[in-house]
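Shown next: upload.cif, given as mmCIF, C-alpha atoms; chains and numbers go by the auth columns.
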```
data_coords
loop_
_atom_site.group_PDB
_atom_site.id
_atom_site.type_symbol
_atom_site.label_atom_id
_atom_site.label_comp_id
_atom_site.label_asym_id
_atom_site.label_seq_id
_atom_site.Cartn_x
_atom_site.Cartn_y
_atom_site.Cartn_z
_atom_site.B_iso_or_equiv
_atom_site.auth_seq_id
_atom_site.auth_asym_id
ATOM 1 C CA MET A 1 4.448 9.491 7.253 0.00 1 A
ATOM 2 C CA SER A 2 6.412 12.649 7.572 0.00 2 A
ATOM 3 C CA ILE A 3 8.032 13.021 10.988 0.00 3 A
ATOM 4 C CA ILE A 4 9.409 16.198 12.529 0.00 4 A
ATOM 5 C CA ASN A 5 11.232 16.326 15.846 0.00 5 A
ATOM 6 C CA ARG A 6 12.108 19.857 16.869 0.00 6 A
ATOM 7 C CA ASN A 7 13.905 18.775 20.044 0.00 7 A
ATOM 8 C CA ILE A 8 16.633 16.928 18.164 0.00 8 A
ATOM 9 C CA LYS A 9 16.155 18.839 14.893 0.00 9 A
ATOM 10 C CA PHE A 10 15.239 15.839 12.794 0.00 10 A
ATOM 11 C CA VAL A 11 13.167 15.442 9.609 0.00 11 A
ATOM 12 C CA TYR A 12 11.987 12.135 8.152 0.00 12 A
ATOM 13 C CA LEU A 13 10.470 12.313 4.657 0.00 13 A
ATOM 14 C CA LYS A 14 8.394 9.335 3.585 0.00 14 A
ATOM 15 C CA SER A 15 9.219 8.215 0.053 0.00 15 A
ATOM 16 C CA HIS A 16 7.311 5.675 -2.041 0.00 16 A
ATOM 17 C CA LYS A 17 7.979 1.939 -2.534 0.00 17 A
ATOM 18 C CA THR A 18 10.992 1.863 -0.197 0.00 18 A
ATOM 19 C CA ALA A 19 9.738 0.032 2.931 0.00 19 A
ATOM 20 C CA SER A 20 8.873 3.449 4.334 0.00 20 A
ATOM 21 C CA THR A 21 5.870 2.127 6.275 0.00 21 A
ATOM 22 C CA SER A 22 8.130 -0.353 8.073 0.00 22 A
ATOM 23 C CA SER A 23 10.546 2.499 8.743 0.00 23 A
ATOM 24 C CA GLU A 24 8.009 4.935 10.131 0.00 24 A
ATOM 25 C CA LEU A 25 6.525 2.265 12.384 0.00 25 A
ATOM 26 C CA HIS A 26 9.944 1.483 13.801 0.00 26 A
ATOM 27 C CA LEU A 27 10.803 5.143 14.383 0.00 27 A
ATOM 28 C CA ILE A 28 7.476 5.796 16.119 0.00 28 A
ATOM 29 C CA LEU A 29 7.280 2.617 18.184 0.00 29 A
ATOM 30 C CA ASN A 30 10.928 2.024 19.003 0.00 30 A
ATOM 31 C CA SER A 31 12.481 5.447 19.466 0.00 31 A
ATOM 32 C CA SER A 32 11.621 8.910 20.770 0.00 32 A
ATOM 33 C CA ILE A 33 11.723 10.409 17.266 0.00 33 A
ATOM 34 C CA GLY A 34 7.929 10.370 16.852 0.00 34 A
ATOM 35 C CA ASP A 35 7.223 12.188 20.119 0.00 35 A
ATOM 36 C CA ASP A 36 6.819 15.608 18.523 0.00 36 A
ATOM 37 C CA ILE A 37 5.000 15.947 15.147 0.00 37 A
ATOM 38 C CA TYR A 38 3.983 13.471 12.468 0.00 38 A
ATOM 39 C CA TYR A 39 1.264 12.650 9.949 0.00 39 A
ATOM 40 C CA THR A 40 0.670 9.353 8.198 0.00 40 A
ATOM 41 C CA SER A 41 -1.873 7.081 6.502 0.00 41 A
ATOM 42 C CA LYS A 42 -5.029 5.509 7.892 0.00 42 A
ATOM 43 C CA GLU A 43 -3.463 2.051 7.824 0.00 43 A
ATOM 44 C CA ILE A 44 -1.263 3.005 10.748 0.00 44 A
ATOM 45 C CA LEU A 45 -4.343 2.969 12.999 0.00 45 A
ATOM 46 C CA LYS A 46 -4.371 -0.840 13.106 0.00 46 A
ATOM 47 C CA TYR A 47 -1.127 -0.697 15.068 0.00 47 A
ATOM 48 C CA GLY A 48 -2.773 1.416 17.757 0.00 48 A
ATOM 49 C CA ILE A 49 -0.967 4.564 16.682 0.00 49 A
ATOM 50 C CA PRO A 50 -2.886 7.830 16.103 0.00 50 A
ATOM 51 C CA ARG A 51 -2.725 8.976 12.502 0.00 51 A
ATOM 52 C CA ALA A 52 -1.447 12.430 13.455 0.00 52 A
ATOM 53 C CA ARG A 53 0.401 14.099 16.290 0.00 53 A
ATOM 54 C CA ASN A 54 0.366 17.892 16.767 0.00 54 A
ATOM 55 C CA ASN A 55 -0.205 18.365 13.050 0.00 55 A
ATOM 56 C CA TYR A 56 -2.392 21.477 13.058 0.00 56 A
ATOM 57 C CA THR A 57 -1.672 25.126 12.397 0.00 57 A
ATOM 58 C CA LEU A 58 -3.216 28.133 10.675 0.00 58 A
ATOM 59 C CA PHE A 59 -0.581 29.775 8.522 0.00 59 A
ATOM 60 C CA THR A 60 2.549 28.739 6.679 0.00 60 A
ATOM 61 C CA ARG A 61 5.767 29.464 8.556 0.00 61 A
ATOM 62 C CA GLN A 62 3.870 29.378 11.851 0.00 62 A
ATOM 63 C CA SER A 63 4.154 25.600 12.096 0.00 63 A
ATOM 64 C CA ARG A 64 6.819 25.902 14.775 0.00 64 A
ATOM 65 C CA LEU A 65 4.002 27.028 17.124 0.00 65 A
ATOM 66 C CA TRP A 66 1.666 24.066 16.566 0.00 66 A
ATOM 67 C CA PHE A 67 -1.127 25.548 18.636 0.00 67 A
ATOM 68 C CA SER A 68 -2.298 23.613 21.702 0.00 68 A
ATOM 69 C CA TRP A 69 -5.959 24.000 20.729 0.00 69 A
ATOM 70 C CA GLN A 70 -5.659 21.794 17.651 0.00 70 A
ATOM 71 C CA GLN A 71 -8.529 19.600 18.818 0.00 71 A
ATOM 72 C CA GLU A 72 -10.901 22.493 18.124 0.00 72 A
ATOM 73 C CA LEU A 73 -9.799 22.440 14.497 0.00 73 A
ATOM 74 C CA LYS A 74 -9.819 18.666 14.151 0.00 74 A
ATOM 75 C CA TRP A 75 -13.106 18.532 12.258 0.00 75 A
ATOM 76 C CA MET A 76 -11.706 20.843 9.573 0.00 76 A
ATOM 77 C CA HIS A 77 -8.930 18.398 8.740 0.00 77 A
ATOM 78 C CA ASN A 78 -11.426 15.680 7.922 0.00 78 A
ATOM 79 C CA PHE A 79 -12.188 17.444 4.649 0.00 79 A
ATOM 80 C CA ARG A 80 -10.077 16.543 1.642 0.00 80 A
ATOM 81 C CA GLY A 81 -7.565 19.243 0.749 0.00 81 A
ATOM 82 C CA MET A 82 -7.866 21.222 3.993 0.00 82 A
ATOM 83 C CA SER A 83 -4.188 20.613 4.741 0.00 83 A
ATOM 84 C CA TYR A 84 -3.453 22.997 1.873 0.00 84 A
ATOM 85 C CA PHE A 85 -5.625 25.774 3.302 0.00 85 A
ATOM 86 C CA PHE A 86 -4.538 25.175 6.890 0.00 86 A
ATOM 87 C CA PRO A 87 -0.974 24.060 6.230 0.00 87 A
ATOM 88 C CA ALA A 88 0.166 20.837 7.828 0.00 88 A
ATOM 89 C CA LEU A 89 2.451 17.948 7.113 0.00 89 A
ATOM 90 C CA LEU A 90 1.325 15.581 4.386 0.00 90 A
ATOM 91 C CA GLN A 91 1.829 11.832 4.437 0.00 91 A
ATOM 92 C CA HIS A 92 4.434 12.079 1.674 0.00 92 A
ATOM 93 C CA CYS A 93 5.738 15.559 2.362 0.00 93 A
ATOM 94 C CA SER A 94 8.381 16.944 0.011 0.00 94 A
ATOM 95 C CA ALA A 95 11.526 18.645 1.221 0.00 95 A
ATOM 96 C CA LYS A 96 10.213 21.878 -0.299 0.00 96 A
ATOM 97 C CA ARG A 97 6.995 21.741 1.729 0.00 97 A
ATOM 98 C CA VAL A 98 8.797 21.016 5.006 0.00 98 A
ATOM 99 C CA ARG A 99 10.992 24.041 4.383 0.00 99 A
ATOM 100 C CA LEU A 100 7.864 26.131 3.718 0.00 100 A
ATOM 101 C CA LEU A 101 6.169 24.947 6.915 0.00 101 A
ATOM 102 C CA PHE A 102 9.103 25.194 9.283 0.00 102 A
ATOM 103 C CA GLY A 103 11.276 27.879 7.728 0.00 103 A
ATOM 104 C CA ASN A 104 14.813 27.894 6.365 0.00 104 A
ATOM 105 C CA SER A 105 16.571 28.066 9.725 0.00 105 A
ATOM 106 C CA PHE A 106 15.008 24.875 11.102 0.00 106 A
ATOM 107 C CA PHE A 107 15.219 23.051 7.792 0.00 107 A
ATOM 108 C CA GLU A 108 18.884 23.824 7.188 0.00 108 A
ATOM 109 C CA SER A 109 19.949 22.957 10.739 0.00 109 A
ATOM 110 C CA SER A 110 18.014 19.656 10.868 0.00 110 A
ATOM 111 C CA PHE A 111 19.249 16.163 10.107 0.00 111 A
ATOM 112 C CA LYS A 112 17.105 15.070 7.149 0.00 112 A
ATOM 113 C CA VAL A 113 16.634 11.498 5.897 0.00 113 A
ATOM 114 C CA THR A 114 14.438 9.468 3.578 0.00 114 A
ATOM 115 C CA ASN A 115 14.261 5.869 2.369 0.00 115 A
ATOM 116 C CA VAL A 116 15.995 4.912 -0.875 0.00 116 A
ATOM 117 C CA ARG A 117 16.096 1.812 -3.074 0.00 117 A
ATOM 118 C CA ASN A 118 17.652 0.477 -6.241 0.00 118 A
ATOM 119 C CA PRO A 119 15.644 2.426 -8.879 0.00 119 A
ATOM 120 C CA TRP A 120 15.213 -0.558 -11.225 0.00 120 A
ATOM 121 C CA ASP A 121 13.771 -2.549 -8.330 0.00 121 A
ATOM 122 C CA ALA A 122 11.620 0.396 -7.208 0.00 122 A
ATOM 123 C CA LEU A 123 10.167 0.811 -10.710 0.00 123 A
ATOM 124 C CA VAL A 124 8.992 -2.810 -10.746 0.00 124 A
ATOM 125 C CA SER A 125 7.370 -2.284 -7.356 0.00 125 A
ATOM 126 C CA PHE A 126 5.752 0.898 -8.704 0.00 126 A
ATOM 127 C CA TYR A 127 4.461 -1.110 -11.677 0.00 127 A
ATOM 128 C CA HIS A 128 2.770 -3.730 -9.525 0.00 128 A
ATOM 129 C CA TRP A 129 1.340 -1.008 -7.269 0.00 129 A
ATOM 130 C CA GLU A 130 -0.262 0.617 -10.314 0.00 130 A
ATOM 131 C CA LYS A 131 -1.595 -2.732 -11.554 0.00 131 A
ATOM 132 C CA SER A 132 -3.186 -3.375 -8.167 0.00 132 A
ATOM 133 C CA GLY A 133 -5.120 -0.120 -8.402 0.00 133 A
ATOM 134 C CA GLN A 134 -2.705 1.421 -5.909 0.00 134 A
ATOM 135 C CA GLN A 135 -3.366 -1.309 -3.375 0.00 135 A
ATOM 136 C CA GLY A 136 -7.128 -1.232 -3.710 0.00 136 A
ATOM 137 C CA ARG A 137 -7.674 2.516 -3.902 0.00 137 A
ATOM 138 C CA TYR A 138 -8.923 2.141 -7.465 0.00 138 A
ATOM 139 C CA SER A 139 -9.871 -0.663 -9.833 0.00 139 A
ATOM 140 C CA LYS A 140 -7.101 -3.014 -10.905 0.00 140 A
ATOM 141 C CA ARG A 141 -5.396 -2.127 -14.170 0.00 141 A
ATOM 142 C CA ASN A 142 -4.375 -4.496 -16.932 0.00 142 A
ATOM 143 C CA ILE A 143 -1.299 -2.585 -18.063 0.00 143 A
ATOM 144 C CA ALA A 144 1.651 -4.038 -19.941 0.00 144 A
ATOM 145 C CA TRP A 145 5.124 -3.468 -18.526 0.00 145 A
ATOM 146 C CA ASN A 146 6.349 -1.715 -21.700 0.00 146 A
ATOM 147 C CA ASP A 147 3.415 0.720 -21.638 0.00 147 A
ATOM 148 C CA PHE A 148 3.899 1.445 -17.951 0.00 148 A
ATOM 149 C CA LEU A 149 7.619 2.105 -18.335 0.00 149 A
ATOM 150 C CA PHE A 150 7.160 4.384 -21.350 0.00 150 A
ATOM 151 C CA ASP A 151 4.553 6.433 -19.480 0.00 151 A
ATOM 152 C CA ALA A 152 6.561 6.534 -16.237 0.00 152 A
ATOM 153 C CA LEU A 153 9.746 7.778 -17.908 0.00 153 A
ATOM 154 C CA GLU A 154 8.094 10.453 -20.040 0.00 154 A
ATOM 155 C CA VAL A 155 8.821 13.943 -18.741 0.00 155 A
ATOM 156 C CA LYS A 156 5.563 15.620 -17.848 0.00 156 A
ATOM 157 C CA LYS A 157 4.438 18.718 -19.741 0.00 157 A
ATOM 158 C CA GLY A 158 5.207 21.868 -17.768 0.00 158 A
ATOM 159 C CA SER A 159 7.623 19.981 -15.515 0.00 159 A
ATOM 160 C CA ASN A 160 11.252 18.928 -15.650 0.00 160 A
ATOM 161 C CA LEU A 161 10.449 15.640 -13.925 0.00 161 A
ATOM 162 C CA SER A 162 8.830 12.454 -15.152 0.00 162 A
ATOM 163 C CA LYS A 163 6.090 10.541 -13.357 0.00 163 A
ATOM 164 C CA ALA A 164 8.731 8.087 -12.133 0.00 164 A
ATOM 165 C CA GLN A 165 10.974 10.834 -10.753 0.00 165 A
ATOM 166 C CA GLU A 166 8.108 12.625 -9.038 0.00 166 A
ATOM 167 C CA PHE A 167 6.931 9.387 -7.441 0.00 167 A
ATOM 168 C CA LEU A 168 10.332 7.906 -6.644 0.00 168 A
ATOM 169 C CA PHE A 169 12.903 9.834 -4.643 0.00 169 A
ATOM 170 C CA TYR A 170 13.258 13.238 -6.277 0.00 170 A
ATOM 171 C CA PRO A 171 10.855 15.382 -4.153 0.00 171 A
ATOM 172 C CA TYR A 172 12.490 13.994 -1.006 0.00 172 A
ATOM 173 C CA LEU A 173 16.135 14.267 -2.045 0.00 173 A
ATOM 174 C CA PHE A 174 16.353 17.359 -4.199 0.00 174 A
ATOM 175 C CA GLU A 175 15.375 21.010 -4.317 0.00 175 A
ATOM 176 C CA SER A 176 16.192 22.784 -7.580 0.00 176 A
ATOM 177 C CA GLY A 177 18.447 19.883 -8.483 0.00 177 A
ATOM 178 C CA GLN A 178 20.472 20.116 -5.263 0.00 178 A
ATOM 179 C CA LEU A 179 20.666 17.348 -2.660 0.00 179 A
ATOM 180 C CA VAL A 180 19.157 18.537 0.646 0.00 180 A
ATOM 181 C CA LEU A 181 19.414 15.363 2.754 0.00 181 A
ATOM 182 C CA ASN A 182 22.024 14.355 5.314 0.00 182 A
ATOM 183 C CA GLY A 183 21.417 10.607 5.345 0.00 183 A
ATOM 184 C CA PHE A 184 19.501 7.661 3.926 0.00 184 A
ATOM 185 C CA ILE A 185 17.565 4.628 5.109 0.00 185 A
ATOM 186 C CA TYR A 186 18.344 1.828 2.694 0.00 186 A
ATOM 187 C CA PHE A 187 15.587 -0.530 1.604 0.00 187 A
ATOM 188 C CA GLU A 188 18.215 -3.223 1.180 0.00 188 A
ATOM 189 C CA ASP A 189 19.316 -3.068 4.847 0.00 189 A
ATOM 190 C CA LEU A 190 16.992 -1.216 7.202 0.00 190 A
ATOM 191 C CA GLY A 191 18.702 -2.682 10.254 0.00 191 A
ATOM 192 C CA ALA A 192 22.123 -1.222 9.468 0.00 192 A
ATOM 193 C CA SER A 193 20.490 2.064 8.434 0.00 193 A
ATOM 194 C CA PHE A 194 18.757 2.485 11.797 0.00 194 A
ATOM 195 C CA ASP A 195 21.924 1.584 13.687 0.00 195 A
ATOM 196 C CA LEU A 196 23.819 4.293 11.829 0.00 196 A
ATOM 197 C CA LEU A 197 21.003 6.816 12.319 0.00 197 A
ATOM 198 C CA SER A 198 20.975 6.075 16.050 0.00 198 A
ATOM 199 C CA ARG A 199 24.694 6.884 16.272 0.00 199 A
ATOM 200 C CA LYS A 200 24.373 10.004 14.116 0.00 200 A
ATOM 201 C CA LEU A 201 21.551 11.450 16.229 0.00 201 A
ATOM 202 C CA GLY A 202 22.918 10.276 19.564 0.00 202 A
ATOM 203 C CA ILE A 203 19.608 8.702 20.586 0.00 203 A
ATOM 204 C CA ASN A 204 18.465 5.138 21.106 0.00 204 A
ATOM 205 C CA ILE A 205 16.688 3.413 18.222 0.00 205 A
ATOM 206 C CA ASP A 206 15.963 -0.219 18.961 0.00 206 A
ATOM 207 C CA THR A 207 17.651 -2.853 16.828 0.00 207 A
ATOM 208 C CA PHE A 208 15.684 -3.657 13.700 0.00 208 A
ATOM 209 C CA ASP A 209 15.445 -7.174 12.280 0.00 209 A
ATOM 210 C CA ASN A 210 15.334 -7.016 8.501 0.00 210 A
ATOM 211 C CA LYS A 211 13.207 -10.158 8.446 0.00 211 A
ATOM 212 C CA GLN A 212 10.274 -8.231 9.931 0.00 212 A
ATOM 213 C CA SER A 213 10.285 -5.432 7.399 0.00 213 A
ATOM 214 C CA HIS A 214 9.541 -5.435 3.717 0.00 214 A
ATOM 215 C CA PHE A 215 9.600 -9.148 2.981 0.00 215 A
ATOM 216 C CA LYS A 216 6.026 -9.129 1.735 0.00 216 A
ATOM 217 C CA LYS A 217 4.347 -10.078 -1.521 0.00 217 A
ATOM 218 C CA SER A 218 7.004 -8.234 -3.487 0.00 218 A
ATOM 219 C CA LYS A 219 9.569 -10.770 -2.340 0.00 219 A
ATOM 220 C CA ASN A 220 7.590 -13.504 -4.071 0.00 220 A
ATOM 221 C CA ARG A 221 7.870 -11.788 -7.442 0.00 221 A
ATOM 222 C CA LYS A 222 10.463 -12.456 -10.076 0.00 222 A
ATOM 223 C CA ASP A 223 13.851 -10.807 -9.852 0.00 223 A
ATOM 224 C CA TYR A 224 13.340 -7.222 -11.069 0.00 224 A
ATOM 225 C CA ARG A 225 15.963 -7.746 -13.775 0.00 225 A
ATOM 226 C CA PHE A 226 13.555 -10.137 -15.498 0.00 226 A
ATOM 227 C CA TYR A 227 11.360 -7.175 -16.515 0.00 227 A
ATOM 228 C CA PHE A 228 13.984 -5.122 -18.350 0.00 228 A
ATOM 229 C CA THR A 229 15.544 -5.460 -21.753 0.00 229 A
ATOM 230 C CA ASP A 230 19.106 -4.172 -22.023 0.00 230 A
ATOM 231 C CA VAL A 231 17.813 -1.035 -23.735 0.00 231 A
ATOM 232 C CA GLN A 232 15.226 -0.405 -21.020 0.00 232 A
ATOM 233 C CA ALA A 233 17.789 -0.907 -18.265 0.00 233 A
ATOM 234 C CA GLU A 234 20.042 1.681 -19.882 0.00 234 A
ATOM 235 C CA LEU A 235 17.131 4.107 -20.279 0.00 235 A
ATOM 236 C CA VAL A 236 16.449 3.882 -16.540 0.00 236 A
ATOM 237 C CA ARG A 237 20.121 4.404 -15.732 0.00 237 A
ATOM 238 C CA ASN A 238 20.176 7.605 -17.781 0.00 238 A
ATOM 239 C CA HIS A 239 16.801 8.693 -16.435 0.00 239 A
ATOM 240 C CA PHE A 240 17.926 8.444 -12.801 0.00 240 A
ATOM 241 C CA ASN A 241 21.380 9.817 -13.496 0.00 241 A
ATOM 242 C CA GLU A 242 21.223 12.536 -10.795 0.00 242 A
ATOM 243 C CA PHE A 243 20.072 10.011 -8.218 0.00 243 A
ATOM 244 C CA LEU A 244 22.723 7.456 -9.233 0.00 244 A
ATOM 245 C CA LYS A 245 25.511 10.026 -8.970 0.00 245 A
ATOM 246 C CA ILE A 246 24.730 10.230 -5.252 0.00 246 A
ATOM 247 C CA LEU A 247 23.665 6.634 -4.672 0.00 247 A
ATOM 248 C CA PRO A 248 25.538 4.520 -7.244 0.00 248 A
ATOM 249 C CA TYR A 249 23.282 1.504 -7.469 0.00 249 A
ATOM 250 C CA THR A 250 23.839 -0.681 -10.502 0.00 250 A
ATOM 251 C CA PHE A 251 21.382 -2.764 -12.473 0.00 251 A
ATOM 252 C CA ASP A 252 22.943 -5.987 -11.169 0.00 252 A
ATOM 253 C CA SER A 253 23.280 -4.918 -7.522 0.00 253 A
ATOM 254 C CA VAL A 254 20.393 -7.107 -6.361 0.00 254 A
ATOM 255 C CA GLY A 255 19.645 -6.652 -2.660 0.00 255 A
ATOM 256 C CA THR A 256 22.898 -4.834 -1.923 0.00 256 A
ATOM 257 C CA LEU A 257 23.712 -1.303 -0.856 0.00 257 A
ATOM 258 C CA PRO A 258 25.164 1.115 -3.419 0.00 258 A
ATOM 259 C CA LYS A 259 28.957 1.057 -3.353 0.00 259 A
#
```
Translate the structure described by the file into structure tokens.
Amino acid sequence: MSIINRNIKFVYLKSHKTASTSSELHLILNSSIGDDIYYTSKEILKYGIPRARNNYTLFTRQSRLWFSWQQELKWMHNFRGMSYFFPALLQHCSAKRVRLLFGNSFFESSFKVTNVRNPWDALVSFYHWEKSGQQGRYSKRNIAWNDFLFDALEVKKGSNLSKAQEFLFYPYLFESGQLVLNGFIYFEDLGASFDLLSRKLGINIDTFDNKQSHFKKSKNRKDYRFYFTDVQAELVRNHFNEFLKILPYTFDSVGTLPK
């Protein structure tokens, strides 16, 4: 989910394949961060959490008002694509869209974070997500790793980003090639990340046990390094060069934070 808290001037951007669902749940259930505005996926409902909070408005740049009569508009948001006509937060909201909705002043003065992960590891997770039909949203795909990687790293026509960059990290970290975030939540150590965030914001975020987070099916897979040839590993390093300048993960840094 995307989370906005105007009281403490905080923005959480939900990235893909980075234990972001575990992160959003913790921020909503175990801190006051989710008390203002958020929007997330349907799967959050099973935890007894409403899918949205105060996420209704009529015009871009008026989102700071978040009208009290949003329940009257609720039916309109049940239609696919209405969030574009009546601007609201999206589940995976880019930094650019948050700036559009809340204005430059709020965006620039806010503490902005997203989840990050070793990109080689994240690509393997992305691969299995695609093979699964995006976790059941579509039919399963029988796609070879080499074909997936070639397609994911190809820069899209009319864009300066590849499918991999658009899906992993870039819309949440960068605007026009410039880093816009103030901090990160590391897939490799969510517990330490939340402790640091708690100190930075000066609010209480309950202690997080890494054992409860992202140790799911993905942890039963082979080491991500198994998937890559030396040439492929180098291609990924060059492909995520901007990201790795800021977060210097290495191909062999399995389960560890970037140095």
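In this comparison, which uses all atoms listed in the file, the residue of A:Arg221, A:Lys163, A:Arg237, A:His92 approaching Tyr12 of chain A most closely is A:His92.
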- What does the distance between atom CA of Pro171 of chain A and atom CA of His26 of chain A come to in Å, to one decimal place?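 So the answer is 22.7 Å.
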- Item | Test item: the PyMOL selection byres ((chain A and resi 28) around 12) resolved as a VMD selection string | chain A and resid 1 to 5 12 21 to 27 29 to 40 44 47 to 53 205 to 206
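Shortest separation to Ala122 of chain A among A:Tyr224, A:Phe194, A:Phe184, A:Phe150 occurs at residue A:Tyr224, atoms counted being only C-alpha atoms.
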- Task: Calculate how many Å separate atom CA of Val113 of chain A from atom CA of Gly183 of chain A, rounding to one decimal.
- Result: 4.9 Å
- Any idea what the distance is between atom CA of His16 of chain A and atom CA of Asn182 of chain A?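 Separation of atom CA of His16 of chain A and atom CA of Asn182 of chain A: 18.6 Å.
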Counting only C-alpha atoms, find residues at most 10 Å from (6.8, -0.1, -8.3) (file frame) and give them as an mmCIF file with C-alpha atoms, in the frame of the given file.
```
data_model
loop_
_atom_site.group_PDB
_atom_site.id
_atom_site.type_symbol
_atom_site.label_atom_id
_atom_site.label_comp_id
_atom_site.auth_asym_id
_atom_site.auth_seq_id
_atom_site.Cartn_x
_atom_site.Cartn_y
_atom_site.Cartn_z
ATOM 1 C CA HIS A 16 7.311 5.675 -2.041
ATOM 2 C CA LYS A 17 7.979 1.939 -2.534
ATOM 3 C CA THR A 18 10.992 1.863 -0.197
ATOM 4 C CA PRO A 119 15.644 2.426 -8.879
ATOM 5 C CA TRP A 120 15.213 -0.558 -11.225
ATOM 6 C CA ASP A 121 13.771 -2.549 -8.330
ATOM 7 C CA ALA A 122 11.620 0.396 -7.208
ATOM 8 C CA LEU A 123 10.167 0.811 -10.710
ATOM 9 C CA VAL A 124 8.992 -2.810 -10.746
ATOM 10 C CA SER A 125 7.370 -2.284 -7.356
ATOM 11 C CA PHE A 126 5.752 0.898 -8.704
ATOM 12 C CA TYR A 127 4.461 -1.110 -11.677
ATOM 13 C CA HIS A 128 2.770 -3.730 -9.525
ATOM 14 C CA TRP A 129 1.340 -1.008 -7.269
ATOM 15 C CA GLU A 130 -0.262 0.617 -10.314
ATOM 16 C CA LYS A 131 -1.595 -2.732 -11.554
ATOM 17 C CA GLN A 134 -2.705 1.421 -5.909
ATOM 18 C CA ALA A 164 8.731 8.087 -12.133
ATOM 19 C CA PHE A 167 6.931 9.387 -7.441
ATOM 20 C CA LEU A 168 10.332 7.906 -6.644
ATOM 21 C CA SER A 218 7.004 -8.234 -3.487
#
```
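Using all atoms listed in the file, the nearest neighbour of Gln91 of chain A within the list A:Ala144, A:Leu149, A:Leu13, A:Leu181 is A:Leu13.
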